[in-house]
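Data block for work-v4.cif (mmCIF, C-alpha atoms):
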```
data_protein
#
loop_
_atom_site.label_atom_id
_atom_site.label_comp_id
_atom_site.auth_asym_id
_atom_site.auth_seq_id
_atom_site.Cartn_x
_atom_site.Cartn_y
_atom_site.Cartn_z
CA MET A 274 124.71 104.50 139.36
CA ASN A 275 124.26 105.08 135.67
CA LYS A 276 124.24 101.95 133.61
CA GLN A 277 125.44 101.76 130.02
CA ILE A 278 122.78 99.83 128.13
CA ILE A 279 123.86 98.16 124.90
CA CYS A 280 121.09 96.53 122.89
CA ILE A 281 122.07 93.57 120.74
CA ALA A 282 119.68 93.30 117.81
CA SER A 283 119.70 91.26 114.65
CA LEU A 284 118.30 91.42 111.17
CA THR A 285 117.24 87.74 111.16
CA GLN A 286 116.50 84.92 113.55
CA ASP A 287 119.36 82.53 114.30
CA SER A 288 121.86 85.24 113.48
CA GLY A 289 124.35 84.30 116.19
CA LYS A 290 123.03 86.95 118.58
CA SER A 291 123.02 84.63 121.64
CA LEU A 292 126.53 83.38 120.91
CA ILE A 293 127.79 86.94 120.57
CA ALA A 294 125.93 88.24 123.64
CA SER A 295 127.04 85.47 126.02
CA SER A 296 130.61 85.61 124.74
CA LEU A 297 130.84 89.38 125.09
CA VAL A 298 129.53 89.21 128.67
CA HIS A 299 132.04 86.49 129.56
CA LEU A 300 134.96 88.39 128.02
CA LEU A 301 133.94 91.74 129.56
CA ARG A 302 133.87 90.07 132.97
CA GLU A 303 137.24 88.52 132.23
CA GLN A 304 138.47 92.11 131.73
CA GLY A 305 137.11 93.07 135.16
CA LEU A 306 133.90 94.82 134.02
CA LYS A 307 130.78 93.67 135.82
CA THR A 308 128.24 93.12 133.07
CA ASP A 309 124.61 91.96 133.05
CA LEU A 310 122.96 90.06 130.23
CA PHE A 311 119.20 90.55 129.90
CA ASP A 312 117.11 88.48 127.50
CA SER A 313 114.20 90.69 126.44
CA ARG A 314 112.33 87.81 124.82
CA MET A 315 112.29 85.78 128.03
CA GLY A 316 112.23 88.78 130.35
CA ILE A 317 115.01 87.35 132.48
CA LEU A 318 118.40 88.45 133.66
CA HIS A 319 121.12 85.91 132.82
CA HIS A 320 124.42 85.94 134.65
CA GLY A 321 123.62 89.25 136.31
CA TYR A 322 124.94 91.40 139.08
CA GLN A 323 121.72 93.44 138.77
CA SER A 324 122.14 97.04 139.90
CA ALA A 325 125.83 96.69 140.79
CA SER A 326 127.02 96.42 137.21
CA PRO A 327 127.87 99.43 135.06
CA ILE A 328 127.06 97.65 131.77
CA MET A 329 123.96 95.80 130.66
CA LEU A 330 123.77 93.94 127.38
CA VAL A 331 120.18 93.43 126.28
CA GLU A 332 119.63 90.61 123.82
CA MET A 333 116.68 92.00 121.89
CA ALA A 334 113.74 89.96 120.66
CA GLU A 335 112.85 90.82 117.06
CA GLU A 336 109.48 92.30 118.00
CA ASP A 337 110.66 94.15 121.12
CA SER A 338 111.58 97.81 120.81
CA LEU A 339 111.04 98.87 124.43
CA TRP A 340 114.76 99.00 125.23
CA TYR A 341 115.84 101.17 122.32
CA PRO A 342 114.83 104.49 123.94
CA VAL A 343 117.23 103.88 126.85
CA ALA A 344 120.07 102.33 124.86
CA SER A 345 123.37 104.14 124.76
CA GLU A 346 124.21 102.17 121.64
CA ILE A 347 123.09 99.22 119.56
CA LEU A 348 125.09 96.28 118.28
CA LEU A 349 123.38 95.06 115.12
CA ILE A 350 124.11 91.51 113.96
CA ALA A 351 123.87 90.96 110.22
CA ASP A 352 124.14 87.34 109.20
CA ARG A 353 125.24 86.90 105.60
CA ILE A 354 123.93 83.33 105.31
CA ARG A 355 120.64 83.53 107.22
CA SER A 356 119.52 86.62 105.31
CA ASN A 357 118.74 84.59 102.16
CA GLY A 358 119.36 87.58 99.92
CA SER A 359 117.15 89.93 101.94
CA LEU A 360 119.96 91.56 103.91
CA LEU A 361 119.47 95.07 102.53
CA ARG A 362 115.68 94.93 102.81
CA ASP A 363 115.96 93.70 106.42
CA ALA A 364 118.54 96.39 107.19
CA SER A 365 116.30 99.09 105.71
CA ARG A 366 113.34 97.88 107.80
CA PHE A 367 115.48 97.90 110.97
CA LEU A 368 116.86 101.37 110.22
CA ASP A 369 113.32 102.69 109.71
CA LEU A 370 112.45 101.34 113.16
CA MET A 371 115.45 103.18 114.59
CA VAL A 372 114.51 106.45 112.85
CA ALA A 373 111.13 106.18 114.59
CA GLU A 374 113.00 106.57 117.90
CA GLN A 375 113.45 110.24 116.89
CA ARG A 376 116.90 110.66 118.41
CA PRO A 377 120.44 110.20 117.17
CA LEU A 378 121.53 106.60 117.51
CA SER A 379 124.90 104.93 117.29
CA ILE A 380 124.64 101.51 115.67
CA ARG A 381 127.68 99.25 115.48
CA LEU A 382 127.49 96.51 112.87
CA VAL A 383 128.76 92.97 113.46
CA VAL A 384 128.72 90.81 110.33
CA ASN A 385 128.40 87.10 111.04
CA ARG A 386 129.44 84.10 108.93
CA VAL A 387 131.70 85.70 106.37
CA GLU A 388 134.83 84.39 104.68
CA ASP A 389 137.04 87.26 105.86
CA ILE A 390 137.16 90.89 106.95
CA SER A 391 136.99 92.06 103.34
CA GLN A 392 133.62 90.38 102.83
CA ALA A 393 132.41 91.81 106.16
CA ARG A 394 133.41 95.33 105.13
CA ASP A 395 131.65 94.91 101.77
CA ILE A 396 128.43 94.06 103.61
CA TYR A 397 128.97 97.01 105.96
CA HIS A 398 129.33 99.39 102.99
CA GLN A 399 126.13 98.03 101.43
CA ILE A 400 124.19 98.59 104.65
CA ARG A 401 125.90 101.95 105.23
CA LYS A 402 124.36 103.19 101.97
CA GLU A 403 120.95 102.54 103.53
CA THR A 404 121.74 105.15 106.22
CA GLU A 405 122.40 107.98 103.75
CA THR A 406 118.72 108.98 103.79
CA ARG A 407 118.52 108.59 107.57
CA PRO A 408 120.73 111.32 109.09
CA SER A 409 119.85 110.45 112.69
CA ILE A 410 121.50 107.03 112.30
CA HIS A 411 125.25 106.73 112.69
CA LEU A 412 126.36 103.27 111.53
CA LYS A 413 129.88 102.08 112.28
CA TYR A 414 131.63 98.84 111.43
CA PHE A 415 132.32 96.96 114.66
CA GLY A 416 133.55 93.52 113.70
CA TYR A 417 132.85 90.16 112.16
CA LEU A 418 132.70 86.47 112.91
CA PRO A 419 134.13 84.05 110.37
CA LEU A 420 132.27 81.26 108.66
CA ASP A 421 133.27 78.36 110.91
CA PRO A 422 131.49 75.01 111.38
CA VAL A 423 132.23 75.01 115.13
CA LEU A 424 129.95 78.06 115.49
CA GLU A 425 127.02 75.97 114.24
CA THR A 426 127.33 73.39 117.04
CA TRP A 427 127.79 75.89 119.87
CA LYS A 428 124.17 75.93 121.12
CA MET A 429 124.50 72.36 122.36
CA GLU A 430 127.43 73.26 124.61
CA LYS A 431 125.48 75.35 127.19
CA LYS A 432 128.41 77.68 127.91
CA PRO A 433 129.83 80.81 126.31
CA PHE A 434 131.47 79.99 122.99
CA VAL A 435 134.75 81.61 124.03
CA VAL A 436 135.07 79.24 127.01
CA GLY A 437 134.87 76.09 124.90
CA HIS A 438 136.81 77.44 121.93
CA PRO A 439 139.42 79.92 123.21
CA GLU A 440 141.87 79.48 120.31
CA THR A 441 139.50 79.96 117.36
CA MET A 442 139.45 82.88 114.96
CA ALA A 443 135.89 83.63 116.13
CA THR A 444 137.12 84.05 119.72
CA ALA A 445 139.91 86.36 118.52
CA CYS A 446 137.29 88.45 116.70
CA LEU A 447 135.10 88.57 119.84
CA ARG A 448 138.10 89.61 121.96
CA SER A 449 138.73 92.47 119.53
CA MET A 450 135.10 93.59 119.93
CA VAL A 451 135.42 93.47 123.72
CA SER A 452 138.53 95.63 123.60
CA ARG A 453 136.55 98.27 121.70
CA LEU A 454 133.55 97.93 124.04
CA LYS A 455 135.84 98.45 127.02
CA ASP A 456 137.36 101.55 125.42
CA GLN A 457 133.88 102.83 124.55
CA HIS A 458 132.73 102.25 128.13
CA GLN A 459 135.60 104.39 129.42
CA ILE A 460 134.54 107.18 127.06
CA TRP A 461 130.89 106.74 128.08
CA ARG A 462 131.86 107.05 131.77
CA GLY A 463 133.96 110.10 131.01
CA THR A 464 137.19 108.62 132.34
#
```
Re-express the file's structure as structure tokens.
Amino acid sequence: MNKQIICIASLTQDSGKSLIASSLVHLLREQGLKTDLFDSRMGILHHGYQSASPIMLVEMAEEDSLWYPVASEILLIADRIRSNGSLLRDASRFLDLMVAEQRPLSIRLVVNRVEDISQARDIYHQIRKETETRPSIHLKYFGYLPLDPVLETWKMEKKPFVVGHPETMATACLRSMVSRLKDQHQIWRGT
């Protein structure tokens, strides 16, 4: 069975990558798609069906690039607050790493901790300009998570964010991303 591998990378530490990864897995399973979550930093499979699942999300460690050659796509998390003004420099460094893969790559950008979709799209357009000199990189806007204090306390809960906070704007945004991932998976499978 072919497995769609989606790497989840970030431009900074503490970008919300774990929150996004665990929530996406939970919501994809809720939609009936068996999905594995692999933590490349720890080298362990979380919540996995192993070979039976058609989708594997790989939560990438910052220094780990071993999964990129087999990735069908990459979700890149850009955190407006954690970047401390270095967002474009960090994006440029990441894009250079992707160019080194020497193959066309689809990168979908998720902007975390923004006031609204307008601010997220502004950040996307800034990062998109960084791809103009890198023709092998195809960057698309994928979604955003709002600036919400409840997101900051999530790590203490030990369960996917969407389980504990099903009615929040952040969960609505994650559900929207899952809908697009599900559609993309159908295209990837050719059905």
- Item | Length of the CA of Leu300 in chain A to CA of Tyr397 in chain A vector [Å] | 24.4 Å
- Message: Can you spell out as a list in words the set of residues that the PyMOL selection byres ((chain A and resi 423-426) around 9) selects in the structure I just provided?
- Response: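 Applied to this file, the PyMOL selection byres ((chain A and resi 423-426) around 9) returns Gly289, Leu292, Arg386, Pro419, Leu420, Asp421, Pro422, Trp427, Lys428, Met429, Glu430, Phe434, His438 and Ala443 of chain A.
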- Query: With distances taken over all atoms listed in the file, which of A:Met371, A:Ser326, A:Gln399, A:Glu440 is nearest to Thr308 in chain A?
  - Reply: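 Closest to Thr308 in chain A, using all atoms listed in the file: A:Ser326.
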Interface rows for range 283-376 of chain A against range 412-415 of chain A: nearest pair, Å to one decimal, 12 Å, all atoms listed in the file, as a tab-separated table:
```
residue	atom	partner	partner_atom	distance
A:Glu346	CA	A:Leu412	CA	10.4
A:Ile347	CA	A:Leu412	CA	9.6
A:Leu348	CA	A:Phe415	CA	8.1
A:Leu349	CA	A:Phe415	CA	9.2
A:Ile350	CA	A:Phe415	CA	9.9
A:Ala351	CA	A:Tyr414	CA	11.1
A:Ala364	CA	A:Leu412	CA	11.3
A:Leu368	CA	A:Leu412	CA	9.8
A:Met371	CA	A:Leu412	CA	11.3
```
Hey, can you spit out that residue selection with C-alpha atoms as a PDB file, keeping the file's coordinate frame?
```pdb
ATOM      1  CA  GLU A 346     124.210 102.170 121.640  1.00  0.00           C
ATOM      2  CA  ILE A 347     123.090  99.220 119.560  1.00  0.00           C
ATOM      3  CA  LEU A 348     125.090  96.280 118.280  1.00  0.00           C
ATOM      4  CA  LEU A 349     123.380  95.060 115.120  1.00  0.00           C
ATOM      5  CA  ILE A 350     124.110  91.510 113.960  1.00  0.00           C
ATOM      6  CA  ALA A 351     123.870  90.960 110.220  1.00  0.00           C
ATOM      7  CA  ALA A 364     118.540  96.390 107.190  1.00  0.00           C
ATOM      8  CA  LEU A 368     116.860 101.370 110.220  1.00  0.00           C
ATOM      9  CA  MET A 371     115.450 103.180 114.590  1.00  0.00           C
TER      10      MET A 371
END
```
- Query: How many Å lie between CA of Lys276 in chain A and CA of Ser291 in chain A, rounded to one decimal?
  - Reply: 21.1 Å
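CA of Asp312 in chain A is positioned 15.2 Å from CA of His299 in chain A.
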- In terms of the shortest atom-to-atom distance over only C-alpha atoms, which of A:Ala282, A:Val372, A:Ile396, A:Val387 is closest to Trp340 in chain A? A:Ala282
- Message: Here is a test: counting all atoms listed in the file, which residue of A:Leu360, A:Met450, A:Ile328, A:Cys280 is nearest to Glu403 in chain A?
- Response: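 Closest to Glu403 in chain A of all the choices is A:Leu360.
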So which residues touch Ser338 in chain A within 12 Å, counting only C-alpha atoms, skipping near sequence neighbours fewer than 6 positions away, as a compact mmCIF listing (two decimals) with C-alpha atoms, keeping the file's coordinate frame?
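Everything below was put into selection19.txt:
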```
# COMPACT_ATOMS: atom_id res chain seq x y z
CA CYS A 280 121.09 96.53 122.89
CA ILE A 281 122.07 93.57 120.74
CA ALA A 282 119.68 93.30 117.81
CA SER A 313 114.20 90.69 126.44
CA ARG A 314 112.33 87.81 124.82
CA VAL A 331 120.18 93.43 126.28
CA GLU A 332 119.63 90.61 123.82
CA ALA A 344 120.07 102.33 124.86
CA ILE A 347 123.09 99.22 119.56
CA PHE A 367 115.48 97.90 110.97
CA LEU A 370 112.45 101.34 113.16
CA MET A 371 115.45 103.18 114.59
CA ALA A 373 111.13 106.18 114.59
CA GLU A 374 113.00 106.57 117.90
```
- Task: Select, from A:Val451, A:Leu301, A:Ile390, A:Ile410, the residue with the minimum atom-to-atom distance to Pro327 in chain A, counting all atoms listed in the file.
- Result: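 Answer, going by the shortest atom-to-atom distance: A:Leu301.
If you measure from each of A:Lys432, A:Arg462, A:Arg302, A:Arg366 to Thr404 in chain A using all atoms listed in the file, the closest one turns out to be A:Arg366.
Nearest residue to Ile380 in chain A among A:Ser345, A:Gln459, A:Ser359, A:Gln304 is A:Ser345, counting only C-alpha atoms.
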- Please identify all polymer residues within 6 Å of Met329 in chain A, counting all atoms listed in the file, omitting same-chain residues fewer than 6 positions from it, and present them as a PyMOL selection string. chain A and resi 278+308-310
As a JSON list (two decimals), in the frame of the given file, please: range 406-439 of chain A completed to N, CA and C atoms.
```json
[["chain", "number", "residue", "atom", "x", "y", "z"],
["A", 406, "THR", "N", 119.97, 108.22, 103.73],
["A", 406, "THR", "CA", 118.72, 108.98, 103.79],
["A", 406, "THR", "C", 118.16, 109.04, 105.21],
["A", 407, "ARG", "N", 118.94, 108.60, 106.17],
["A", 407, "ARG", "CA", 118.52, 108.59, 107.57],
["A", 407, "ARG", "C", 119.60, 109.27, 108.41],
["A", 408, "PRO", "N", 119.63, 110.60, 108.43],
["A", 408, "PRO", "CA", 120.73, 111.32, 109.09],
["A", 408, "PRO", "C", 120.83, 111.12, 110.60],
["A", 409, "SER", "N", 119.77, 110.65, 111.24],
["A", 409, "SER", "CA", 119.85, 110.45, 112.69],
["A", 409, "SER", "C", 120.56, 109.14, 113.06],
["A", 410, "ILE", "N", 120.84, 108.32, 112.06],
["A", 410, "ILE", "CA", 121.50, 107.03, 112.30],
["A", 410, "ILE", "C", 122.98, 107.13, 111.96],
["A", 411, "HIS", "N", 123.81, 106.75, 112.90],
["A", 411, "HIS", "CA", 125.25, 106.73, 112.69],
["A", 411, "HIS", "C", 125.71, 105.27, 112.76],
["A", 412, "LEU", "N", 125.96, 104.67, 111.61],
["A", 412, "LEU", "CA", 126.36, 103.27, 111.53],
["A", 412, "LEU", "C", 127.87, 103.16, 111.43],
["A", 413, "LYS", "N", 128.44, 102.33, 112.30],
["A", 413, "LYS", "CA", 129.88, 102.08, 112.28],
["A", 413, "LYS", "C", 130.12, 100.58, 112.17],
["A", 414, "TYR", "N", 131.20, 100.24, 111.49],
["A", 414, "TYR", "CA", 131.63, 98.84, 111.43],
["A", 414, "TYR", "C", 132.23, 98.48, 112.79],
["A", 415, "PHE", "N", 131.82, 97.34, 113.35],
["A", 415, "PHE", "CA", 132.32, 96.96, 114.66],
["A", 415, "PHE", "C", 133.13, 95.67, 114.65],
["A", 416, "GLY", "N", 132.80, 94.76, 113.74],
["A", 416, "GLY", "CA", 133.55, 93.52, 113.70],
["A", 416, "GLY", "C", 132.83, 92.45, 112.90],
["A", 417, "TYR", "N", 133.44, 91.29, 112.89],
["A", 417, "TYR", "CA", 132.85, 90.16, 112.16],
["A", 417, "TYR", "C", 133.17, 88.86, 112.86],
["A", 418, "LEU", "N", 132.39, 87.83, 112.52],
["A", 418, "LEU", "CA", 132.70, 86.47, 112.91],
["A", 418, "LEU", "C", 132.85, 85.65, 111.64],
["A", 419, "PRO", "N", 133.87, 84.82, 111.59],
["A", 419, "PRO", "CA", 134.13, 84.05, 110.37],
["A", 419, "PRO", "C", 133.14, 82.90, 110.19],
["A", 420, "LEU", "N", 133.05, 82.46, 108.99],
["A", 420, "LEU", "CA", 132.27, 81.26, 108.66],
["A", 420, "LEU", "C", 133.06, 80.07, 109.20],
["A", 421, "ASP", "N", 132.54, 79.43, 110.23],
["A", 421, "ASP", "CA", 133.27, 78.36, 110.91],
["A", 421, "ASP", "C", 132.27, 77.31, 111.39],
["A", 422, "PRO", "N", 132.44, 76.05, 110.99],
["A", 422, "PRO", "CA", 131.49, 75.01, 111.38],
["A", 422, "PRO", "C", 131.31, 74.86, 112.90],
["A", 423, "VAL", "N", 132.34, 75.16, 113.67],
["A", 423, "VAL", "CA", 132.23, 75.01, 115.13],
["A", 423, "VAL", "C", 131.19, 75.99, 115.70],
["A", 424, "LEU", "N", 130.96, 77.11, 115.04],
["A", 424, "LEU", "CA", 129.95, 78.06, 115.49],
["A", 424, "LEU", "C", 128.55, 77.46, 115.40],
["A", 425, "GLU", "N", 128.34, 76.57, 114.45],
["A", 425, "GLU", "CA", 127.02, 75.97, 114.24],
["A", 425, "GLU", "C", 126.65, 74.99, 115.36],
["A", 426, "THR", "N", 127.62, 74.38, 116.00],
["A", 426, "THR", "CA", 127.33, 73.39, 117.04],
["A", 426, "THR", "C", 127.35, 73.98, 118.44],
["A", 427, "TRP", "N", 127.62, 75.26, 118.57],
["A", 427, "TRP", "CA", 127.79, 75.89, 119.87],
["A", 427, "TRP", "C", 126.57, 75.76, 120.78],
["A", 428, "LYS", "N", 125.36, 75.90, 120.27],
["A", 428, "LYS", "CA", 124.17, 75.93, 121.12],
["A", 428, "LYS", "C", 124.04, 74.69, 122.00],
["A", 429, "MET", "N", 124.59, 73.59, 121.57],
["A", 429, "MET", "CA", 124.50, 72.36, 122.36],
["A", 429, "MET", "C", 125.46, 72.36, 123.54],
["A", 430, "GLU", "N", 126.39, 73.28, 123.58],
["A", 430, "GLU", "CA", 127.43, 73.26, 124.61],
["A", 430, "GLU", "C", 127.01, 73.88, 125.93],
["A", 431, "LYS", "N", 126.02, 74.75, 125.96],
["A", 431, "LYS", "CA", 125.48, 75.35, 127.19],
["A", 431, "LYS", "C", 126.51, 76.16, 127.97],
["A", 432, "LYS", "N", 127.45, 76.78, 127.27],
["A", 432, "LYS", "CA", 128.41, 77.68, 127.91],
["A", 432, "LYS", "C", 128.84, 78.69, 126.87],
["A", 433, "PRO", "N", 129.39, 79.82, 127.30],
["A", 433, "PRO", "CA", 129.83, 80.81, 126.31],
["A", 433, "PRO", "C", 130.81, 80.19, 125.31],
["A", 434, "PHE", "N", 130.64, 80.52, 124.07],
["A", 434, "PHE", "CA", 131.47, 79.99, 122.99],
["A", 434, "PHE", "C", 132.95, 80.15, 123.29],
["A", 435, "VAL", "N", 133.33, 81.31, 123.81],
["A", 435, "VAL", "CA", 134.75, 81.61, 124.03],
["A", 435, "VAL", "C", 135.37, 80.73, 125.11],
["A", 436, "VAL", "N", 134.56, 80.15, 125.98],
["A", 436, "VAL", "CA", 135.07, 79.24, 127.01],
["A", 436, "VAL", "C", 135.46, 77.91, 126.39],
["A", 437, "GLY", "N", 134.61, 77.38, 125.52],
["A", 437, "GLY", "CA", 134.87, 76.09, 124.90],
["A", 437, "GLY", "C", 135.82, 76.13, 123.72],
["A", 438, "HIS", "N", 136.00, 77.31, 123.15],
["A", 438, "HIS", "CA", 136.81, 77.44, 121.93],
["A", 438, "HIS", "C", 137.71, 78.68, 122.00],
["A", 439, "PRO", "N", 138.62, 78.71, 122.98],
["A", 439, "PRO", "CA", 139.42, 79.92, 123.21],
["A", 439, "PRO", "C", 140.44, 80.24, 122.11]]
```
